[in-house]
$ cat input.pdb   # PDB, C-alpha atoms
ATOM      1  CA  ASP S  96      63.295  52.779  16.413  1.00  0.00           C
ATOM      2  CA  SER S  97      63.692  54.179  12.898  1.00  0.00           C
ATOM      3  CA  GLY S  98      67.105  52.636  12.267  1.00  0.00           C
ATOM      4  CA  VAL S  99      68.750  56.058  12.013  1.00  0.00           C
ATOM      5  CA  THR S 100      71.281  56.736  14.747  1.00  0.00           C
ATOM      6  CA  GLN S 101      72.693  60.037  15.896  1.00  0.00           C
ATOM      7  CA  THR S 102      75.443  60.903  18.322  1.00  0.00           C
ATOM      8  CA  PRO S 103      75.819  62.542  20.687  1.00  0.00           C
ATOM      9  CA  LYS S 104      72.370  62.803  22.230  1.00  0.00           C
ATOM     10  CA  HIS S 105      73.180  66.006  24.072  1.00  0.00           C
ATOM     11  CA  LEU S 106      75.931  68.549  23.566  1.00  0.00           C
ATOM     12  CA  ILE S 107      76.660  71.568  25.720  1.00  0.00           C
ATOM     13  CA  THR S 108      79.279  74.001  24.546  1.00  0.00           C
ATOM     14  CA  ALA S 109      80.254  77.650  24.647  1.00  0.00           C
ATOM     15  CA  THR S 110      79.897  80.434  22.123  1.00  0.00           C
ATOM     16  CA  GLY S 111      82.624  80.515  19.526  1.00  0.00           C
ATOM     17  CA  GLN S 112      83.271  76.792  19.709  1.00  0.00           C
ATOM     18  CA  ARG S 113      82.997  74.161  16.982  1.00  0.00           C
ATOM     19  CA  VAL S 114      81.111  70.855  17.238  1.00  0.00           C
ATOM     20  CA  THR S 115      80.496  67.834  15.042  1.00  0.00           C
ATOM     21  CA  LEU S 116      77.244  65.904  14.973  1.00  0.00           C
ATOM     22  CA  ARG S 117      77.186  62.421  13.560  1.00  0.00           C
ATOM     23  CA  CYS S 118      74.465  60.456  11.784  1.00  0.00           C
ATOM     24  CA  SER S 119      74.269  56.882  10.527  1.00  0.00           C
ATOM     25  CA  PRO S 120      71.420  56.280   8.084  1.00  0.00           C
ATOM     26  CA  ARG S 121      69.235  53.197   7.875  1.00  0.00           C
ATOM     27  CA  SER S 122      70.914  50.281   6.193  1.00  0.00           C
ATOM     28  CA  GLY S 123      70.654  50.727   2.430  1.00  0.00           C
ATOM     29  CA  ASP S 124      69.505  54.351   2.490  1.00  0.00           C
ATOM     30  CA  LEU S 125      71.622  56.552   0.245  1.00  0.00           C
ATOM     31  CA  SER S 126      70.059  59.916   1.069  1.00  0.00           C
ATOM     32  CA  VAL S 127      70.798  61.803   4.267  1.00  0.00           C
ATOM     33  CA  TYR S 128      69.081  65.018   5.287  1.00  0.00           C
ATOM     34  CA  TRP S 129      69.842  67.399   8.152  1.00  0.00           C
ATOM     35  CA  TYR S 130      67.159  69.501   9.841  1.00  0.00           C
ATOM     36  CA  GLN S 131      67.219  72.027  12.652  1.00  0.00           C
ATOM     37  CA  GLN S 132      64.292  72.290  15.058  1.00  0.00           C
ATOM     38  CA  SER S 133      63.964  75.395  17.197  1.00  0.00           C
ATOM     39  CA  LEU S 134      61.058  76.997  18.997  1.00  0.00           C
ATOM     40  CA  ASP S 135      60.991  80.116  16.860  1.00  0.00           C
ATOM     41  CA  GLN S 136      61.865  78.665  13.426  1.00  0.00           C
ATOM     42  CA  GLY S 137      60.223  75.241  13.674  1.00  0.00           C
ATOM     43  CA  LEU S 138      61.693  72.441  11.556  1.00  0.00           C
ATOM     44  CA  GLN S 139      64.029  73.789   8.913  1.00  0.00           C
ATOM     45  CA  PHE S 140      65.843  71.837   6.226  1.00  0.00           C
ATOM     46  CA  LEU S 141      69.578  72.429   6.244  1.00  0.00           C
ATOM     47  CA  ILE S 142      71.276  70.189   3.696  1.00  0.00           C
ATOM     48  CA  GLN S 143      70.969  66.909   1.793  1.00  0.00           C
ATOM     49  CA  TYR S 144      73.516  64.371   0.630  1.00  0.00           C
ATOM     50  CA  TYR S 145      72.976  61.500  -1.755  1.00  0.00           C
ATOM     51  CA  ASN S 146      75.573  58.735  -2.008  1.00  0.00           C
ATOM     52  CA  GLY S 147      78.358  61.021  -0.897  1.00  0.00           C
ATOM     53  CA  GLU S 148      77.456  64.087  -2.926  1.00  0.00           C
ATOM     54  CA  GLU S 149      75.713  67.247  -1.829  1.00  0.00           C
ATOM     55  CA  ARG S 150      72.303  67.408  -3.524  1.00  0.00           C
ATOM     56  CA  ALA S 151      70.434  70.317  -1.993  1.00  0.00           C
ATOM     57  CA  LYS S 152      70.888  73.160   0.425  1.00  0.00           C
ATOM     58  CA  GLY S 153      68.270  74.824   2.536  1.00  0.00           C
ATOM     59  CA  ASN S 154      68.599  77.450   5.217  1.00  0.00           C
ATOM     60  CA  ILE S 155      72.104  76.472   6.184  1.00  0.00           C
ATOM     61  CA  LEU S 156      74.442  79.115   7.553  1.00  0.00           C
ATOM     62  CA  GLU S 157      77.916  79.544   6.102  1.00  0.00           C
ATOM     63  CA  ARG S 158      79.307  78.600   9.531  1.00  0.00           C
ATOM     64  CA  PHE S 159      77.736  75.173   9.090  1.00  0.00           C
ATOM     65  CA  SER S 160      78.962  72.454   6.774  1.00  0.00           C
ATOM     66  CA  ALA S 161      78.347  68.767   6.262  1.00  0.00           C
ATOM     67  CA  GLN S 162      79.700  65.766   4.463  1.00  0.00           C
ATOM     68  CA  GLN S 163      78.738  62.184   3.730  1.00  0.00           C
ATOM     69  CA  PHE S 164      81.415  59.539   3.863  1.00  0.00           C
ATOM     70  CA  PRO S 165      81.876  56.400   1.690  1.00  0.00           C
ATOM     71  CA  ASP S 166      80.183  54.272   4.364  1.00  0.00           C
ATOM     72  CA  LEU S 167      77.217  56.686   4.018  1.00  0.00           C
ATOM     73  CA  HIS S 168      77.374  58.112   7.520  1.00  0.00           C
ATOM     74  CA  SER S 169      77.194  61.884   7.649  1.00  0.00           C
ATOM     75  CA  GLU S 170      78.593  64.608   9.856  1.00  0.00           C
ATOM     76  CA  LEU S 171      77.301  68.105  10.416  1.00  0.00           C
ATOM     77  CA  ASN S 172      79.934  70.606  11.497  1.00  0.00           C
ATOM     78  CA  LEU S 173      78.847  73.743  13.313  1.00  0.00           C
ATOM     79  CA  SER S 174      81.481  76.405  13.949  1.00  0.00           C
ATOM     80  CA  SER S 175      81.736  79.821  15.593  1.00  0.00           C
ATOM     81  CA  LEU S 176      78.694  78.841  17.586  1.00  0.00           C
ATOM     82  CA  GLU S 177      76.241  81.461  18.748  1.00  0.00           C
ATOM     83  CA  LEU S 178      73.514  81.321  21.386  1.00  0.00           C
ATOM     84  CA  GLY S 179      70.912  81.187  18.622  1.00  0.00           C
ATOM     85  CA  ASP S 180      72.339  77.922  17.327  1.00  0.00           C
ATOM     86  CA  SER S 181      70.904  76.128  20.344  1.00  0.00           C
ATOM     87  CA  ALA S 182      68.383  73.703  18.883  1.00  0.00           C
ATOM     88  CA  LEU S 183      67.582  70.083  18.142  1.00  0.00           C
ATOM     89  CA  TYR S 184      69.395  68.801  15.083  1.00  0.00           C
ATOM     90  CA  PHE S 185      67.784  65.877  13.323  1.00  0.00           C
ATOM     91  CA  CYS S 186      69.183  63.632  10.680  1.00  0.00           C
ATOM     92  CA  ALA S 187      66.863  61.713   8.365  1.00  0.00           C
ATOM     93  CA  SER S 188      67.485  59.123   5.705  1.00  0.00           C
ATOM     94  CA  SER S 189      65.547  57.728   2.775  1.00  0.00           C
ATOM     95  CA  PRO S 190      66.260  55.052   0.183  1.00  0.00           C
ATOM     96  CA  ARG S 191      66.046  57.586  -2.600  1.00  0.00           C
ATOM     97  CA  VAL S 192      65.019  61.165  -3.244  1.00  0.00           C
ATOM     98  CA  LEU S 193      61.339  62.144  -3.114  1.00  0.00           C
ATOM     99  CA  ARG S 194      60.373  59.309  -0.801  1.00  0.00           C
ATOM    100  CA  GLU S 195      59.488  59.240   2.886  1.00  0.00           C
ATOM    101  CA  GLN S 196      62.226  60.075   5.340  1.00  0.00           C
ATOM    102  CA  PHE S 197      63.050  58.309   8.573  1.00  0.00           C
ATOM    103  CA  PHE S 198      64.295  60.441  11.395  1.00  0.00           C
ATOM    104  CA  GLY S 199      66.924  59.816  14.006  1.00  0.00           C
ATOM    105  CA  PRO S 200      66.535  60.672  17.694  1.00  0.00           C
ATOM    106  CA  GLY S 201      68.268  64.028  17.281  1.00  0.00           C
ATOM    107  CA  THR S 202      71.119  65.854  18.977  1.00  0.00           C
ATOM    108  CA  ARG S 203      70.171  68.575  21.422  1.00  0.00           C
ATOM    109  CA  LEU S 204      72.752  71.341  21.185  1.00  0.00           C
ATOM    110  CA  THR S 205      72.964  73.934  23.925  1.00  0.00           C
ATOM    111  CA  VAL S 206      75.273  76.878  23.414  1.00  0.00           C
ATOM    112  CA  LEU S 207      76.065  78.803  26.591  1.00  0.00           C
TER     113      LEU S 207
ATOM    114  CA  ALA R 206      58.142  79.098  -2.674  1.00  0.00           C
ATOM    115  CA  GLN R 207      56.554  76.005  -1.246  1.00  0.00           C
ATOM    116  CA  SER R 208      54.998  76.346   2.164  1.00  0.00           C
ATOM    117  CA  VAL R 209      52.799  74.424   4.569  1.00  0.00           C
ATOM    118  CA  SER R 210      50.238  75.936   6.874  1.00  0.00           C
ATOM    119  CA  GLN R 211      48.778  74.205   9.912  1.00  0.00           C
ATOM    120  CA  HIS R 212      45.754  76.034  11.203  1.00  0.00           C
ATOM    121  CA  ASN R 213      45.757  75.070  14.843  1.00  0.00           C
ATOM    122  CA  HIS R 214      48.640  75.658  17.190  1.00  0.00           C
ATOM    123  CA  HIS R 215      47.201  73.744  20.122  1.00  0.00           C
ATOM    124  CA  VAL R 216      44.195  71.426  20.245  1.00  0.00           C
ATOM    125  CA  ILE R 217      42.776  70.042  23.478  1.00  0.00           C
ATOM    126  CA  LEU R 218      40.387  67.101  23.346  1.00  0.00           C
ATOM    127  CA  SER R 219      38.902  64.591  25.721  1.00  0.00           C
ATOM    128  CA  GLU R 220      39.467  60.890  25.159  1.00  0.00           C
ATOM    129  CA  ALA R 221      37.120  59.356  22.574  1.00  0.00           C
ATOM    130  CA  ALA R 222      36.591  62.701  20.831  1.00  0.00           C
ATOM    131  CA  SER R 223      37.145  62.891  17.096  1.00  0.00           C
ATOM    132  CA  LEU R 224      40.163  64.686  15.729  1.00  0.00           C
ATOM    133  CA  GLU R 225      40.752  66.704  12.608  1.00  0.00           C
ATOM    134  CA  LEU R 226      43.934  68.703  12.110  1.00  0.00           C
ATOM    135  CA  GLY R 227      44.092  71.037   9.168  1.00  0.00           C
ATOM    136  CA  CYS R 228      46.964  71.306   6.715  1.00  0.00           C
ATOM    137  CA  ASN R 229      47.215  73.405   3.592  1.00  0.00           C
ATOM    138  CA  TYR R 230      50.151  73.574   1.252  1.00  0.00           C
ATOM    139  CA  SER R 231      51.193  75.810  -1.555  1.00  0.00           C
ATOM    140  CA  TYR R 232      52.790  74.057  -4.485  1.00  0.00           C
ATOM    141  CA  GLY R 233      51.583  73.909  -8.027  1.00  0.00           C
ATOM    142  CA  GLY R 234      53.136  70.672  -9.153  1.00  0.00           C
ATOM    143  CA  THR R 235      52.893  67.034  -8.186  1.00  0.00           C
ATOM    144  CA  VAL R 236      52.996  66.769  -4.438  1.00  0.00           C
ATOM    145  CA  ASN R 237      54.146  64.185  -1.975  1.00  0.00           C
ATOM    146  CA  LEU R 238      52.477  64.769   1.387  1.00  0.00           C
ATOM    147  CA  PHE R 239      53.255  63.485   4.847  1.00  0.00           C
ATOM    148  CA  TRP R 240      52.115  63.603   8.426  1.00  0.00           C
ATOM    149  CA  TYR R 241      54.687  63.032  11.142  1.00  0.00           C
ATOM    150  CA  VAL R 242      54.145  62.744  14.888  1.00  0.00           C
ATOM    151  CA  GLN R 243      56.571  63.719  17.624  1.00  0.00           C
ATOM    152  CA  TYR R 244      55.831  62.300  21.057  1.00  0.00           C
ATOM    153  CA  PRO R 245      57.285  64.246  23.997  1.00  0.00           C
ATOM    154  CA  GLY R 246      61.052  63.931  24.007  1.00  0.00           C
ATOM    155  CA  GLN R 247      61.137  61.680  20.980  1.00  0.00           C
ATOM    156  CA  HIS R 248      62.010  61.891  17.315  1.00  0.00           C
ATOM    157  CA  LEU R 249      59.669  62.352  14.401  1.00  0.00           C
ATOM    158  CA  GLN R 250      57.771  59.269  13.304  1.00  0.00           C
ATOM    159  CA  LEU R 251      55.970  58.862  10.011  1.00  0.00           C
ATOM    160  CA  LEU R 252      52.197  58.540  10.472  1.00  0.00           C
ATOM    161  CA  LEU R 253      51.176  58.373   6.839  1.00  0.00           C
ATOM    162  CA  LYS R 254      52.121  59.470   3.362  1.00  0.00           C
ATOM    163  CA  TYR R 255      50.498  60.306   0.054  1.00  0.00           C
ATOM    164  CA  PHE R 256      52.250  60.031  -3.284  1.00  0.00           C
ATOM    165  CA  SER R 257      49.434  59.286  -5.719  1.00  0.00           C
ATOM    166  CA  GLY R 258      46.278  57.216  -6.126  1.00  0.00           C
ATOM    167  CA  ASP R 259      43.466  56.992  -3.581  1.00  0.00           C
ATOM    168  CA  PRO R 260      43.241  60.410  -1.918  1.00  0.00           C
ATOM    169  CA  LEU R 261      42.121  58.817   1.349  1.00  0.00           C
ATOM    170  CA  VAL R 262      45.242  57.494   2.999  1.00  0.00           C
ATOM    171  CA  LYS R 263      45.324  55.258   6.039  1.00  0.00           C
ATOM    172  CA  GLY R 264      48.271  55.347   8.387  1.00  0.00           C
ATOM    173  CA  ILE R 265      49.390  53.830  11.631  1.00  0.00           C
ATOM    174  CA  LYS R 266      47.556  53.999  14.970  1.00  0.00           C
ATOM    175  CA  GLY R 267      44.155  54.541  13.355  1.00  0.00           C
ATOM    176  CA  PHE R 268      45.016  57.842  11.661  1.00  0.00           C
ATOM    177  CA  GLU R 269      43.918  58.746   8.168  1.00  0.00           C
ATOM    178  CA  ALA R 270      44.258  61.770   5.917  1.00  0.00           C
ATOM    179  CA  GLU R 271      42.435  63.028   2.874  1.00  0.00           C
ATOM    180  CA  PHE R 272      44.154  64.759  -0.021  1.00  0.00           C
ATOM    181  CA  ILE R 273      41.860  67.328  -1.644  1.00  0.00           C
ATOM    182  CA  LYS R 274      43.720  68.738  -4.618  1.00  0.00           C
ATOM    183  CA  SER R 275      41.246  71.549  -5.306  1.00  0.00           C
ATOM    184  CA  LYS R 276      41.655  72.848  -1.773  1.00  0.00           C
ATOM    185  CA  PHE R 277      45.416  72.195  -1.512  1.00  0.00           C
ATOM    186  CA  SER R 278      44.625  70.394   1.723  1.00  0.00           C
ATOM    187  CA  PHE R 279      45.769  67.237   3.472  1.00  0.00           C
ATOM    188  CA  ASN R 280      43.856  67.087   6.749  1.00  0.00           C
ATOM    189  CA  LEU R 281      44.599  64.478   9.387  1.00  0.00           C
ATOM    190  CA  ARG R 282      41.747  62.650  11.100  1.00  0.00           C
ATOM    191  CA  LYS R 283      41.142  60.087  13.805  1.00  0.00           C
ATOM    192  CA  PRO R 284      37.645  59.047  14.852  1.00  0.00           C
ATOM    193  CA  SER R 285      38.436  58.514  18.537  1.00  0.00           C
ATOM    194  CA  VAL R 286      41.580  59.834  20.230  1.00  0.00           C
ATOM    195  CA  GLN R 287      43.334  58.282  23.189  1.00  0.00           C
ATOM    196  CA  TRP R 288      45.464  59.832  25.902  1.00  0.00           C
ATOM    197  CA  SER R 289      48.494  58.224  24.240  1.00  0.00           C
ATOM    198  CA  ASP R 290      47.892  60.382  21.140  1.00  0.00           C
ATOM    199  CA  THR R 291      49.134  63.413  23.071  1.00  0.00           C
ATOM    200  CA  ALA R 292      51.962  64.663  20.868  1.00  0.00           C
ATOM    201  CA  GLU R 293      52.891  67.256  18.298  1.00  0.00           C
ATOM    202  CA  TYR R 294      51.778  66.634  14.725  1.00  0.00           C
ATOM    203  CA  PHE R 295      53.576  67.965  11.692  1.00  0.00           C
ATOM    204  CA  CYS R 296      52.317  68.152   8.147  1.00  0.00           C
ATOM    205  CA  ALA R 297      54.996  68.211   5.445  1.00  0.00           C
ATOM    206  CA  VAL R 298      55.235  68.486   1.696  1.00  0.00           C
ATOM    207  CA  GLY R 299      58.060  66.999  -0.301  1.00  0.00           C
ATOM    208  CA  GLY R 300      60.081  69.748  -1.913  1.00  0.00           C
ATOM    209  CA  SER R 301      61.317  69.634  -5.469  1.00  0.00           C
ATOM    210  CA  GLN R 302      64.785  68.749  -4.219  1.00  0.00           C
ATOM    211  CA  GLY R 303      63.538  65.905  -2.048  1.00  0.00           C
ATOM    212  CA  ASN R 304      63.700  67.762   1.237  1.00  0.00           C
ATOM    213  CA  LEU R 305      60.651  68.085   3.468  1.00  0.00           C
ATOM    214  CA  ILE R 306      58.958  71.413   4.097  1.00  0.00           C
ATOM    215  CA  PHE R 307      57.201  71.303   7.428  1.00  0.00           C
ATOM    216  CA  GLY R 308      54.325  73.211   8.912  1.00  0.00           C
ATOM    217  CA  LYS R 309      54.742  74.804  12.332  1.00  0.00           C
ATOM    218  CA  GLY R 310      53.114  71.816  13.995  1.00  0.00           C
ATOM    219  CA  THR R 311      49.976  71.308  16.064  1.00  0.00           C
ATOM    220  CA  LYS R 312      50.216  70.282  19.688  1.00  0.00           C
ATOM    221  CA  LEU R 313      47.503  67.831  20.644  1.00  0.00           C
ATOM    222  CA  SER R 314      46.643  67.358  24.312  1.00  0.00           C
ATOM    223  CA  VAL R 315      44.195  64.565  25.132  1.00  0.00           C
ATOM    224  CA  LYS R 316      42.589  64.697  28.555  1.00  0.00           C
ATOM    225  CA  PRO R 317      41.934  61.293  30.140  1.00  0.00           C
TER     226      PRO R 317
END

$ encode --input "input.pdb" --output "structure tokens"
Amino acid sequence: DSGVTQTPKHLITATGQRVTLRCSPRSGDLSVYWYQQSLDQGLQFLIQYYNGEERAKGNILERFSAQQFPDLHSELNLSSLELGDSALYFCASSPRVLREQFFGPGTRLTVL
Amino acid sequence: AQSVSQHNHHVILSEAASLELGCNYSYGGTVNLFWYVQYPGQHLQLLLKYFSGDPLVKGIKGFEAEFIKSKFSFNLRKPSVQWSDTAEYFCAVGGSQGNLIFGKGTKLSVKP
């Protein structure tokens, strides 16, 4: 157990819908990262927050957004979902930037 | 752009065989390097990390990796694999923004 929690574990939804994935970092970690894992793209970095502020963006679609709240938990919002958005979404946290990251169990999103 | 290349897509070994998984990265500056393992159905777990110092890094479960700067490599090794090492192994380099850039992963199957 890494100490990073993610909910829900599984999510099944339809195309065009909007979902929210939630992540709670390890106690004391200020940085939260979101990654998408799919068979064709592998593990791709989406976005990073540090102490409530967006720090870096990766291959994140405009339909996707995220935020980090004052209690440091983070949410990833995915809207206008397409079949290709089906993937595992991982959250990771680290005490500070440029250190090792600890991953949560992931949310498996299936878009039908 | 930074990238990570893992040479083998799938490696099949018998128990007690020695393991070496290749990883090459492209990045000209100071690098932070990582190996993560993903057991079937589970999240990514940190095996070992390199930030600086001794280029031979020891991790958990008997794994080690050697950083060879001149070859831009960070190969993972284990002298004797067990059936429980069956998993997918990911090499990653720390990006300049703190995110991780992952290789495509190597699936390891260990036959009992």

$ interface_residues --input "input.pdb" --of "chain R" --to "chain S" --cutoff "6 Å" --atoms "all atoms listed in the file" --output "PyMOL selection string"
chain R and resi 248-249+303+309

$ residues_around --input "input.pdb" --residues "Lys254 (chain R)" --least-positions-apart "3" --cutoff "8 Å" --atoms "all atoms listed in the file" --output "PyMOL selection string"
(chain S and resi 195) or (chain R and resi 237-240+251+262+264)

$ resolve_selection --input "input.pdb" --expression "the PyMOL selection byres ((chain R and resi 210) around 7)" --output "PyMOL selection string"
chain R and resi 208-209+211-212+228-230+308

$ atom_distance --input "input.pdb" --atom1 "CA of Lys316 (chain R)" --atom2 "CA of Tyr294 (chain R)"
16.7 Å

$ residues_around --input "input.pdb" --residues "Asp290 (chain R)" --least-positions-apart "4" --cutoff "9 Å" --atoms "only C-alpha atoms" --output "short mmCIF file (atom, residue, chain, number, x, y, z; two decimals) with C-alpha atoms, in the coordinates of the input"
data_model
loop_
_atom_site.label_atom_id
_atom_site.label_comp_id
_atom_site.auth_asym_id
_atom_site.auth_seq_id
_atom_site.Cartn_x
_atom_site.Cartn_y
_atom_site.Cartn_z
CA TYR R 244 55.83 62.30 21.06
CA LYS R 266 47.56 54.00 14.97
CA VAL R 286 41.58 59.83 20.23
CA LEU R 313 47.50 67.83 20.64
CA SER R 314 46.64 67.36 24.31
CA VAL R 315 44.20 64.56 25.13
#

$ closest_residue --input "input.pdb" --among "S:Ser169, S:Ser174, S:Gln131, S:Ser160" --to "Arg117 (chain S)" --atoms "all atoms listed in the file"
S:Ser169

$ closest_residue --input "input.pdb" --among "S:Ser188, S:Ser181, S:Gln163, S:Gln132" --to "Tyr144 (chain S)" --atoms "only C-alpha atoms"
S:Gln163

$ resolve_selection --input "input.pdb" --expression "the PyMOL selection byres ((chain S and resi 101) around 6)" --output "list in words"
Thr100, Thr102, Arg117 and Cys118 of chain S

$ residues_around --input "input.pdb" --residues "Asn280 (chain R)" --least-positions-apart "4" --cutoff "7 Å" --atoms "all atoms listed in the file" --output "PyMOL selection string"
chain R and resi 225-228+270-271

$ resolve_selection --input "input.pdb" --expression "the PyMOL selection byres ((chain R and resi 216) around 7)" --output "list of chain:residue names"
R:Asn213, R:His214, R:His215, R:Ile217, R:Leu218, R:Lys312, R:Leu313, R:Ser314

$ write_last_selection --input "input.pdb" --atoms "C-alpha atoms" --output "short mmCIF file (atom, residue, chain, number, x, y, z; two decimals), in the frame of the given file"
data_model
loop_
_atom_site.label_atom_id
_atom_site.label_comp_id
_atom_site.auth_asym_id
_atom_site.auth_seq_id
_atom_site.Cartn_x
_atom_site.Cartn_y
_atom_site.Cartn_z
CA ASN R 213 45.76 75.07 14.84
CA HIS R 214 48.64 75.66 17.19
CA HIS R 215 47.20 73.74 20.12
CA ILE R 217 42.78 70.04 23.48
CA LEU R 218 40.39 67.10 23.35
CA LYS R 312 50.22 70.28 19.69
CA LEU R 313 47.50 67.83 20.64
CA SER R 314 46.64 67.36 24.31
#

$ residues_around --input "input.pdb" --residues "region 222-224 of chain R" --least-positions-apart "3" --cutoff "9 Å" --atoms "only C-alpha atoms" --output "JSON, numbers by chain"
{"R": [218, 219, 281, 282, 283, 284, 285, 286, 287, 315]}

$ axis_aligned_box --input "input.pdb" --around "region 295-314 of chain R" --padding-each-side "3 Å" --output "JSON"
{"center_x": 55.7, "center_y": 70.4, "center_z": 9.4, "size_x": 24.1, "size_y": 14.9, "size_z": 35.8}

$ residues_around --input "input.pdb" --residues "Ser122 (chain S)" --least-positions-apart "5" --cutoff "9 Å" --atoms "only C-alpha atoms" --output "PyMOL selection string"
chain S and resi 98-99+190
